[in-house]
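One file, upload-v2.txt, is given below (compact mmCIF, all heavy atoms).
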```txt
# COMPACT_ATOMS: atom_id res chain seq x y z
N MET A 10 55.81 85.63 163.57
CA MET A 10 55.99 84.26 163.10
C MET A 10 55.02 83.38 163.86
O MET A 10 54.78 83.57 165.05
CB MET A 10 57.43 83.81 163.34
CG MET A 10 57.68 82.37 162.93
SD MET A 10 59.36 81.77 163.22
CE MET A 10 60.24 82.69 161.98
N ASN A 11 54.50 82.42 163.17
CA ASN A 11 53.60 81.46 163.78
C ASN A 11 54.34 80.71 164.90
O ASN A 11 55.45 80.21 164.68
CB ASN A 11 53.14 80.47 162.70
CG ASN A 11 52.19 79.44 163.24
OD1 ASN A 11 52.53 78.67 164.12
ND2 ASN A 11 51.01 79.42 162.66
N PRO A 12 53.77 80.63 166.11
CA PRO A 12 54.45 79.95 167.21
C PRO A 12 54.79 78.49 166.92
O PRO A 12 55.84 78.01 167.36
CB PRO A 12 53.46 80.05 168.38
CG PRO A 12 52.61 81.23 168.06
CD PRO A 12 52.52 81.26 166.55
N LYS A 13 53.95 77.78 166.19
CA LYS A 13 54.25 76.39 165.86
C LYS A 13 55.44 76.29 164.91
O LYS A 13 56.24 75.37 165.01
CB LYS A 13 53.02 75.70 165.25
CG LYS A 13 51.86 75.50 166.21
CD LYS A 13 52.23 74.62 167.39
CE LYS A 13 52.22 73.16 167.03
NZ LYS A 13 52.49 72.27 168.15
N THR A 14 55.58 77.24 164.01
CA THR A 14 56.74 77.28 163.13
C THR A 14 58.00 77.52 163.94
O THR A 14 59.01 76.85 163.75
CB THR A 14 56.58 78.37 162.06
OG1 THR A 14 55.39 78.12 161.32
CG2 THR A 14 57.77 78.41 161.12
N LEU A 15 57.93 78.48 164.86
CA LEU A 15 59.08 78.77 165.72
C LEU A 15 59.42 77.56 166.59
O LEU A 15 60.59 77.23 166.77
CB LEU A 15 58.79 80.00 166.58
CG LEU A 15 59.95 80.51 167.44
CD1 LEU A 15 61.17 80.83 166.60
CD2 LEU A 15 59.50 81.71 168.24
N GLN A 16 58.41 76.87 167.08
CA GLN A 16 58.63 75.65 167.88
C GLN A 16 59.42 74.63 167.07
O GLN A 16 60.39 74.06 167.56
CB GLN A 16 57.29 75.06 168.31
CG GLN A 16 57.43 73.76 169.07
CD GLN A 16 56.08 73.10 169.35
OE1 GLN A 16 55.04 73.56 168.89
NE2 GLN A 16 56.10 72.03 170.11
N TYR A 17 59.02 74.43 165.84
CA TYR A 17 59.71 73.48 164.97
C TYR A 17 61.16 73.92 164.72
O TYR A 17 62.09 73.12 164.86
CB TYR A 17 58.95 73.34 163.65
CG TYR A 17 59.67 72.48 162.64
CD1 TYR A 17 59.65 71.10 162.73
CD2 TYR A 17 60.39 73.07 161.60
CE1 TYR A 17 60.31 70.31 161.80
CE2 TYR A 17 61.06 72.30 160.67
CZ TYR A 17 61.02 70.91 160.77
OH TYR A 17 61.69 70.14 159.86
N LEU A 18 61.34 75.19 164.37
CA LEU A 18 62.68 75.69 164.06
C LEU A 18 63.62 75.64 165.27
O LEU A 18 64.81 75.37 165.11
CB LEU A 18 62.60 77.12 163.53
CG LEU A 18 61.93 77.28 162.16
CD1 LEU A 18 61.76 78.76 161.85
CD2 LEU A 18 62.73 76.59 161.09
N MET A 19 63.09 75.91 166.46
CA MET A 19 63.92 75.93 167.66
C MET A 19 64.08 74.54 168.28
O MET A 19 64.89 74.36 169.18
CB MET A 19 63.32 76.90 168.69
CG MET A 19 63.28 78.34 168.21
SD MET A 19 64.89 79.03 167.78
CE MET A 19 65.65 79.12 169.36
N GLY A 20 63.29 73.58 167.82
CA GLY A 20 63.42 72.22 168.32
C GLY A 20 62.79 71.98 169.68
O GLY A 20 63.16 71.03 170.38
N HIS A 21 61.84 72.82 170.08
CA HIS A 21 61.17 72.64 171.37
C HIS A 21 60.04 71.62 171.23
O HIS A 21 59.31 71.62 170.24
CB HIS A 21 60.61 73.95 171.89
CG HIS A 21 61.65 74.95 172.26
ND1 HIS A 21 62.48 74.80 173.35
CD2 HIS A 21 62.02 76.13 171.69
CE1 HIS A 21 63.30 75.82 173.43
NE2 HIS A 21 63.05 76.65 172.44
N SER A 22 59.89 70.77 172.23
CA SER A 22 58.83 69.77 172.18
C SER A 22 57.50 70.32 172.70
O SER A 22 56.44 69.82 172.34
CB SER A 22 59.22 68.52 172.98
OG SER A 22 59.44 68.87 174.33
N GLU A 23 57.55 71.35 173.53
CA GLU A 23 56.33 71.92 174.12
C GLU A 23 56.12 73.35 173.64
O GLU A 23 57.03 74.17 173.71
CB GLU A 23 56.43 71.91 175.64
CG GLU A 23 56.55 70.52 176.25
CD GLU A 23 55.29 69.71 176.10
OE1 GLU A 23 54.19 70.30 176.11
OE2 GLU A 23 55.42 68.48 175.95
N ILE A 24 54.91 73.64 173.19
CA ILE A 24 54.60 74.98 172.70
C ILE A 24 54.67 76.01 173.83
O ILE A 24 54.99 77.18 173.61
CB ILE A 24 53.22 75.04 171.98
CG1 ILE A 24 53.03 76.36 171.23
CG2 ILE A 24 52.09 74.83 172.98
CD1 ILE A 24 53.94 76.54 170.06
N GLY A 25 54.44 75.57 175.07
CA GLY A 25 54.52 76.47 176.21
C GLY A 25 55.89 77.12 176.35
O GLY A 25 56.00 78.27 176.77
N GLU A 26 56.94 76.39 176.00
CA GLU A 26 58.29 76.96 176.04
C GLU A 26 58.38 78.16 175.11
O GLU A 26 58.94 79.20 175.46
CB GLU A 26 59.33 75.92 175.62
CG GLU A 26 59.48 74.77 176.56
CD GLU A 26 60.48 73.77 176.02
OE1 GLU A 26 61.68 74.11 175.97
OE2 GLU A 26 60.06 72.66 175.65
N ILE A 27 57.85 78.01 173.92
CA ILE A 27 57.86 79.08 172.92
C ILE A 27 57.05 80.27 173.42
O ILE A 27 57.49 81.41 173.37
CB ILE A 27 57.30 78.58 171.57
CG1 ILE A 27 58.16 77.46 171.00
CG2 ILE A 27 57.12 79.71 170.58
CD1 ILE A 27 59.56 77.88 170.64
N LEU A 28 55.84 80.00 173.89
CA LEU A 28 54.95 81.08 174.29
C LEU A 28 55.45 81.83 175.51
O LEU A 28 55.24 83.04 175.64
CB LEU A 28 53.54 80.53 174.54
CG LEU A 28 52.88 79.91 173.31
CD1 LEU A 28 51.54 79.30 173.69
CD2 LEU A 28 52.71 80.93 172.20
N ASN A 29 56.13 81.15 176.41
CA ASN A 29 56.64 81.80 177.62
C ASN A 29 57.96 82.52 177.40
O ASN A 29 58.24 83.50 178.07
CB ASN A 29 56.79 80.78 178.75
CG ASN A 29 55.46 80.31 179.28
OD1 ASN A 29 54.49 81.05 179.26
ND2 ASN A 29 55.41 79.09 179.73
N VAL A 30 58.78 82.04 176.50
CA VAL A 30 60.13 82.59 176.35
C VAL A 30 60.23 83.58 175.20
O VAL A 30 60.83 84.64 175.33
CB VAL A 30 61.16 81.46 176.13
CG1 VAL A 30 62.54 82.02 175.84
CG2 VAL A 30 61.19 80.54 177.35
N TYR A 31 59.63 83.27 174.07
CA TYR A 31 59.87 84.04 172.85
C TYR A 31 58.78 85.03 172.47
O TYR A 31 58.91 85.71 171.48
CB TYR A 31 60.10 83.09 171.67
CG TYR A 31 61.31 82.21 171.85
CD1 TYR A 31 61.15 80.86 172.14
CD2 TYR A 31 62.59 82.72 171.75
CE1 TYR A 31 62.26 80.04 172.32
CE2 TYR A 31 63.70 81.91 171.93
CZ TYR A 31 63.53 80.57 172.21
OH TYR A 31 64.61 79.77 172.39
N THR A 32 57.70 85.09 173.22
CA THR A 32 56.63 86.02 172.86
C THR A 32 56.46 87.09 173.92
O THR A 32 56.52 86.82 175.11
CB THR A 32 55.29 85.29 172.66
OG1 THR A 32 54.94 84.63 173.87
CG2 THR A 32 55.35 84.30 171.53
N HIS A 33 56.28 88.30 173.46
CA HIS A 33 56.03 89.45 174.33
C HIS A 33 54.96 90.28 173.64
O HIS A 33 55.12 90.66 172.49
CB HIS A 33 57.29 90.27 174.52
CG HIS A 33 58.44 89.46 175.03
ND1 HIS A 33 58.55 89.07 176.34
CD2 HIS A 33 59.50 88.94 174.40
CE1 HIS A 33 59.64 88.37 176.49
NE2 HIS A 33 60.25 88.27 175.33
N LEU A 34 53.88 90.55 174.35
CA LEU A 34 52.76 91.26 173.76
C LEU A 34 52.57 92.59 174.47
O LEU A 34 52.56 92.65 175.69
CB LEU A 34 51.49 90.42 173.87
CG LEU A 34 50.22 91.03 173.29
CD1 LEU A 34 50.35 91.16 171.78
CD2 LEU A 34 49.02 90.21 173.65
N GLY A 35 52.39 93.61 173.68
CA GLY A 35 52.09 94.93 174.21
C GLY A 35 50.83 95.46 173.56
O GLY A 35 50.26 94.83 172.66
N ALA A 36 50.39 96.61 173.98
CA ALA A 36 49.17 97.21 173.45
C ALA A 36 49.28 97.46 171.95
O ALA A 36 48.32 97.23 171.20
CB ALA A 36 48.85 98.51 174.19
N GLU A 37 50.44 97.91 171.50
CA GLU A 37 50.62 98.18 170.07
C GLU A 37 50.53 96.88 169.26
O GLU A 37 49.97 96.87 168.16
CB GLU A 37 51.96 98.88 169.82
CG GLU A 37 52.13 99.39 168.42
CD GLU A 37 51.12 100.45 168.01
OE1 GLU A 37 50.62 101.20 168.87
OE2 GLU A 37 50.81 100.52 166.80
N ASP A 38 51.07 95.79 169.79
CA ASP A 38 50.98 94.49 169.12
C ASP A 38 49.53 94.05 168.99
O ASP A 38 49.10 93.57 167.94
CB ASP A 38 51.77 93.42 169.89
CG ASP A 38 53.24 93.73 169.97
OD1 ASP A 38 53.83 94.07 168.92
OD2 ASP A 38 53.79 93.65 171.08
N ALA A 39 48.76 94.22 170.06
CA ALA A 39 47.35 93.84 170.04
C ALA A 39 46.57 94.68 169.02
O ALA A 39 45.74 94.16 168.28
CB ALA A 39 46.74 93.99 171.43
N LYS A 40 46.87 95.97 168.97
CA LYS A 40 46.20 96.86 168.01
C LYS A 40 46.50 96.42 166.58
O LYS A 40 45.60 96.36 165.74
CB LYS A 40 46.66 98.30 168.22
CG LYS A 40 46.02 99.26 167.26
CD LYS A 40 46.54 100.67 167.45
CE LYS A 40 45.98 101.56 166.37
NZ LYS A 40 46.64 102.83 166.28
N LYS A 41 47.76 96.09 166.29
CA LYS A 41 48.13 95.66 164.95
C LYS A 41 47.40 94.38 164.56
O LYS A 41 46.96 94.23 163.42
CB LYS A 41 49.64 95.46 164.85
CG LYS A 41 50.42 96.74 164.83
CD LYS A 41 51.91 96.48 164.79
CE LYS A 41 52.70 97.77 164.87
NZ LYS A 41 54.15 97.54 164.91
N GLU A 42 47.27 93.45 165.50
CA GLU A 42 46.56 92.20 165.21
C GLU A 42 45.08 92.45 164.96
O GLU A 42 44.49 91.84 164.06
CB GLU A 42 46.74 91.20 166.35
CG GLU A 42 48.11 90.55 166.35
CD GLU A 42 48.41 89.79 165.06
OE1 GLU A 42 47.60 88.97 164.61
OE2 GLU A 42 49.48 90.05 164.47
N LEU A 43 44.47 93.34 165.73
CA LEU A 43 43.06 93.68 165.50
C LEU A 43 42.87 94.31 164.12
O LEU A 43 41.90 93.99 163.41
CB LEU A 43 42.55 94.62 166.58
CG LEU A 43 42.32 94.00 167.95
CD1 LEU A 43 41.97 95.08 168.97
CD2 LEU A 43 41.21 92.96 167.88
N GLU A 44 43.78 95.19 163.75
CA GLU A 44 43.70 95.81 162.42
C GLU A 44 43.87 94.76 161.32
O GLU A 44 43.15 94.78 160.32
CB GLU A 44 44.77 96.90 162.28
CG GLU A 44 44.48 98.11 163.13
CD GLU A 44 45.63 99.11 163.18
OE1 GLU A 44 46.76 98.75 162.77
OE2 GLU A 44 45.39 100.23 163.63
N ARG A 45 44.80 93.83 161.53
CA ARG A 45 45.03 92.76 160.54
C ARG A 45 43.78 91.89 160.40
O ARG A 45 43.35 91.57 159.29
CB ARG A 45 46.23 91.91 160.97
CG ARG A 45 46.65 90.87 159.97
CD ARG A 45 47.79 90.01 160.49
NE ARG A 45 47.40 89.21 161.63
CZ ARG A 45 46.69 88.07 161.55
NH1 ARG A 45 46.31 87.62 160.39
NH2 ARG A 45 46.38 87.40 162.63
N LEU A 46 43.17 91.54 161.52
CA LEU A 46 41.95 90.73 161.48
C LEU A 46 40.80 91.48 160.82
O LEU A 46 40.03 90.90 160.05
CB LEU A 46 41.55 90.29 162.88
CG LEU A 46 42.46 89.26 163.52
CD1 LEU A 46 42.09 89.08 164.99
CD2 LEU A 46 42.39 87.94 162.78
N TYR A 47 40.69 92.76 161.13
CA TYR A 47 39.63 93.57 160.52
C TYR A 47 39.80 93.63 159.01
O TYR A 47 38.85 93.41 158.26
CB TYR A 47 39.64 94.99 161.12
CG TYR A 47 38.64 95.90 160.46
CD1 TYR A 47 37.29 95.80 160.79
CD2 TYR A 47 39.02 96.82 159.50
CE1 TYR A 47 36.36 96.62 160.18
CE2 TYR A 47 38.09 97.64 158.89
CZ TYR A 47 36.76 97.54 159.23
OH TYR A 47 35.85 98.33 158.61
N LEU A 48 41.03 93.90 158.55
CA LEU A 48 41.27 93.98 157.11
C LEU A 48 41.05 92.63 156.42
O LEU A 48 40.53 92.58 155.31
CB LEU A 48 42.68 94.50 156.85
CG LEU A 48 42.91 95.95 157.25
CD1 LEU A 48 44.38 96.31 157.09
CD2 LEU A 48 42.03 96.89 156.45
N ALA A 49 41.43 91.55 157.09
CA ALA A 49 41.19 90.22 156.52
C ALA A 49 39.70 89.95 156.41
O ALA A 49 39.23 89.41 155.40
CB ALA A 49 41.86 89.15 157.38
N GLY A 50 38.94 90.37 157.42
CA GLY A 50 37.49 90.20 157.37
C GLY A 50 36.86 91.03 156.27
O GLY A 50 35.94 90.57 155.59
N MET A 51 37.35 92.24 156.07
CA MET A 51 36.85 93.08 154.98
C MET A 51 37.13 92.43 153.64
O MET A 51 36.28 92.43 152.75
CB MET A 51 37.48 94.47 155.02
CG MET A 51 36.88 95.39 156.04
SD MET A 51 37.61 97.04 156.04
CE MET A 51 37.44 97.53 154.35
N ALA A 52 38.31 91.85 153.50
CA ALA A 52 38.69 91.21 152.24
C ALA A 52 37.79 90.02 151.95
O ALA A 52 37.53 89.69 150.80
CB ALA A 52 40.15 90.77 152.29
N MET A 53 37.31 89.40 153.00
CA MET A 53 36.43 88.23 152.82
C MET A 53 34.95 88.64 152.86
O MET A 53 34.07 87.80 152.84
CB MET A 53 36.70 87.21 153.93
CG MET A 53 38.10 86.63 153.87
SD MET A 53 38.46 85.52 155.24
CE MET A 53 37.21 84.27 155.02
N ASN A 54 34.70 89.95 152.93
CA ASN A 54 33.34 90.48 153.01
C ASN A 54 32.58 89.94 154.21
O ASN A 54 31.38 89.74 154.15
CB ASN A 54 32.56 90.21 151.72
CG ASN A 54 33.13 90.98 150.56
OD1 ASN A 54 33.47 92.14 150.69
ND2 ASN A 54 33.25 90.33 149.42
N LYS A 55 33.28 89.71 155.30
CA LYS A 55 32.65 89.21 156.52
C LYS A 55 32.30 90.35 157.48
O LYS A 55 31.50 90.19 158.36
CB LYS A 55 33.58 88.23 157.27
CG LYS A 55 33.96 87.03 156.46
CD LYS A 55 32.81 86.06 156.37
CE LYS A 55 33.25 84.82 155.62
NZ LYS A 55 32.20 83.90 155.36
N ILE A 56 32.93 91.51 157.28
CA ILE A 56 32.71 92.67 158.12
C ILE A 56 32.21 93.80 157.24
O ILE A 56 32.72 93.99 156.15
CB ILE A 56 34.02 93.09 158.82
CG1 ILE A 56 34.53 91.97 159.72
CG2 ILE A 56 33.83 94.38 159.62
CD1 ILE A 56 35.88 92.25 160.35
N PRO A 57 31.18 94.53 157.69
CA PRO A 57 30.71 95.66 156.88
C PRO A 57 31.87 96.59 156.54
O PRO A 57 32.72 96.87 157.37
CB PRO A 57 29.70 96.35 157.79
CG PRO A 57 29.31 95.33 158.79
CD PRO A 57 30.48 94.41 158.95
N GLN A 58 31.89 97.06 155.32
CA GLN A 58 33.00 97.91 154.87
C GLN A 58 32.76 99.34 155.30
O GLN A 58 32.18 100.14 154.59
CB GLN A 58 33.16 97.79 153.36
CG GLN A 58 33.57 96.40 152.95
CD GLN A 58 34.19 96.38 151.58
OE1 GLN A 58 34.48 97.40 151.00
NE2 GLN A 58 34.39 95.18 151.06
N LYS A 59 33.20 99.64 156.49
CA LYS A 59 33.14 100.99 157.03
C LYS A 59 34.45 101.24 157.74
O LYS A 59 35.16 100.33 158.12
CB LYS A 59 31.96 101.16 157.96
CG LYS A 59 32.02 100.28 159.18
CD LYS A 59 30.81 100.51 160.07
CE LYS A 59 30.92 99.61 161.31
NZ LYS A 59 29.83 99.82 162.21
N VAL A 60 34.75 102.49 157.93
CA VAL A 60 35.98 102.86 158.60
C VAL A 60 35.76 102.73 160.11
O VAL A 60 34.80 103.26 160.65
CB VAL A 60 36.41 104.29 158.25
CG1 VAL A 60 37.63 104.70 159.04
CG2 VAL A 60 36.66 104.40 156.75
N VAL A 61 36.64 102.02 160.77
CA VAL A 61 36.58 101.85 162.21
C VAL A 61 37.84 102.42 162.82
O VAL A 61 38.94 102.08 162.41
CB VAL A 61 36.45 100.36 162.59
CG1 VAL A 61 36.53 100.18 164.10
CG2 VAL A 61 35.17 99.78 162.04
N ASN A 62 37.68 103.27 163.80
CA ASN A 62 38.83 103.86 164.49
C ASN A 62 39.24 102.90 165.61
O ASN A 62 38.53 102.76 166.59
CB ASN A 62 38.46 105.24 165.06
CG ASN A 62 39.65 105.92 165.68
OD1 ASN A 62 40.74 105.37 165.73
ND2 ASN A 62 39.43 107.13 166.15
N LEU A 63 40.39 102.25 165.46
CA LEU A 63 40.86 101.28 166.43
C LEU A 63 41.81 101.89 167.47
O LEU A 63 42.45 101.19 168.21
CB LEU A 63 41.59 100.12 165.72
CG LEU A 63 40.72 99.30 164.79
CD1 LEU A 63 41.57 98.28 164.06
CD2 LEU A 63 39.60 98.60 165.55
N GLN A 64 41.87 103.21 167.54
CA GLN A 64 42.80 103.85 168.48
C GLN A 64 42.23 103.86 169.87
O GLN A 64 41.19 104.04 170.22
CB GLN A 64 43.12 105.27 168.03
CG GLN A 64 43.85 105.28 166.73
CD GLN A 64 44.20 106.68 166.26
OE1 GLN A 64 43.89 107.66 166.91
NE2 GLN A 64 44.83 106.77 165.11
```
Here is a file; write its structure as structure tokens.
Amino acid sequence: MNPKTLQYLMGHSEIGEILNVYTHLGAEDAKKELERLYLAGMAMNKIPQKVVNLQ
């Protein structure tokens, strides 16, 4: 979920509260985000269409 959306829903005035309390990032999360960005770039033809091993 977008942190700003969560901030609004939870009623916090500072985004730092959301980022410090409700977010936890691990290696698998980072890998998924990189894959999502890569696929979005391919869809926009911004990245050469080749297979990239992100493991």
| task | To one decimal in Å, tell me the separation between atom C of A:Thr14 and atom CA of A:Met51. | result |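 These two atoms are separated by 27.7 Å.
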| message | Between atom CA of A:Lys40 and atom CA of A:His21, what is the distance in Å, rounded to a tenth? | response | 28.7 Å
| How many Å separate atom CA of A:Met10 from atom CA of A:Asp38? | 12.9 Å
| remark: Among A:Lys41, A:Leu48, A:Met53, A:Pro12, A:Ile24 is approached most closely, using all atoms listed in the file, by A:Pro12
| message | Based on the backbone DSSP call, show me all residues of chain A assigned helix (DSSP H, G or I), as an NGL selection string. | response | :A and (12-19 or 24-30 or 36-52)
| task | For stretch 25-31 of chain A, please output as JSON, numbers by chain all residues within 6 Å (counting all atoms listed in the file; exclusion window: fewer than 3 positions along the same chain). | result | {"A": [12, 13, 15, 16, 17, 19, 21, 22]}
Once 4 Å is added on each side, what are the centre and the three edge lengths, in Å to one decimal, of the axis-aligned box enclosing the listed atoms of stretch 17-23 of chain A? Present them as lines of an AutoDock Vina configuration file.
```
center_x = 59.9
center_y = 73.8
center_z = 168.1
size_x = 19.5
size_y = 18.6
size_z = 24.4
```
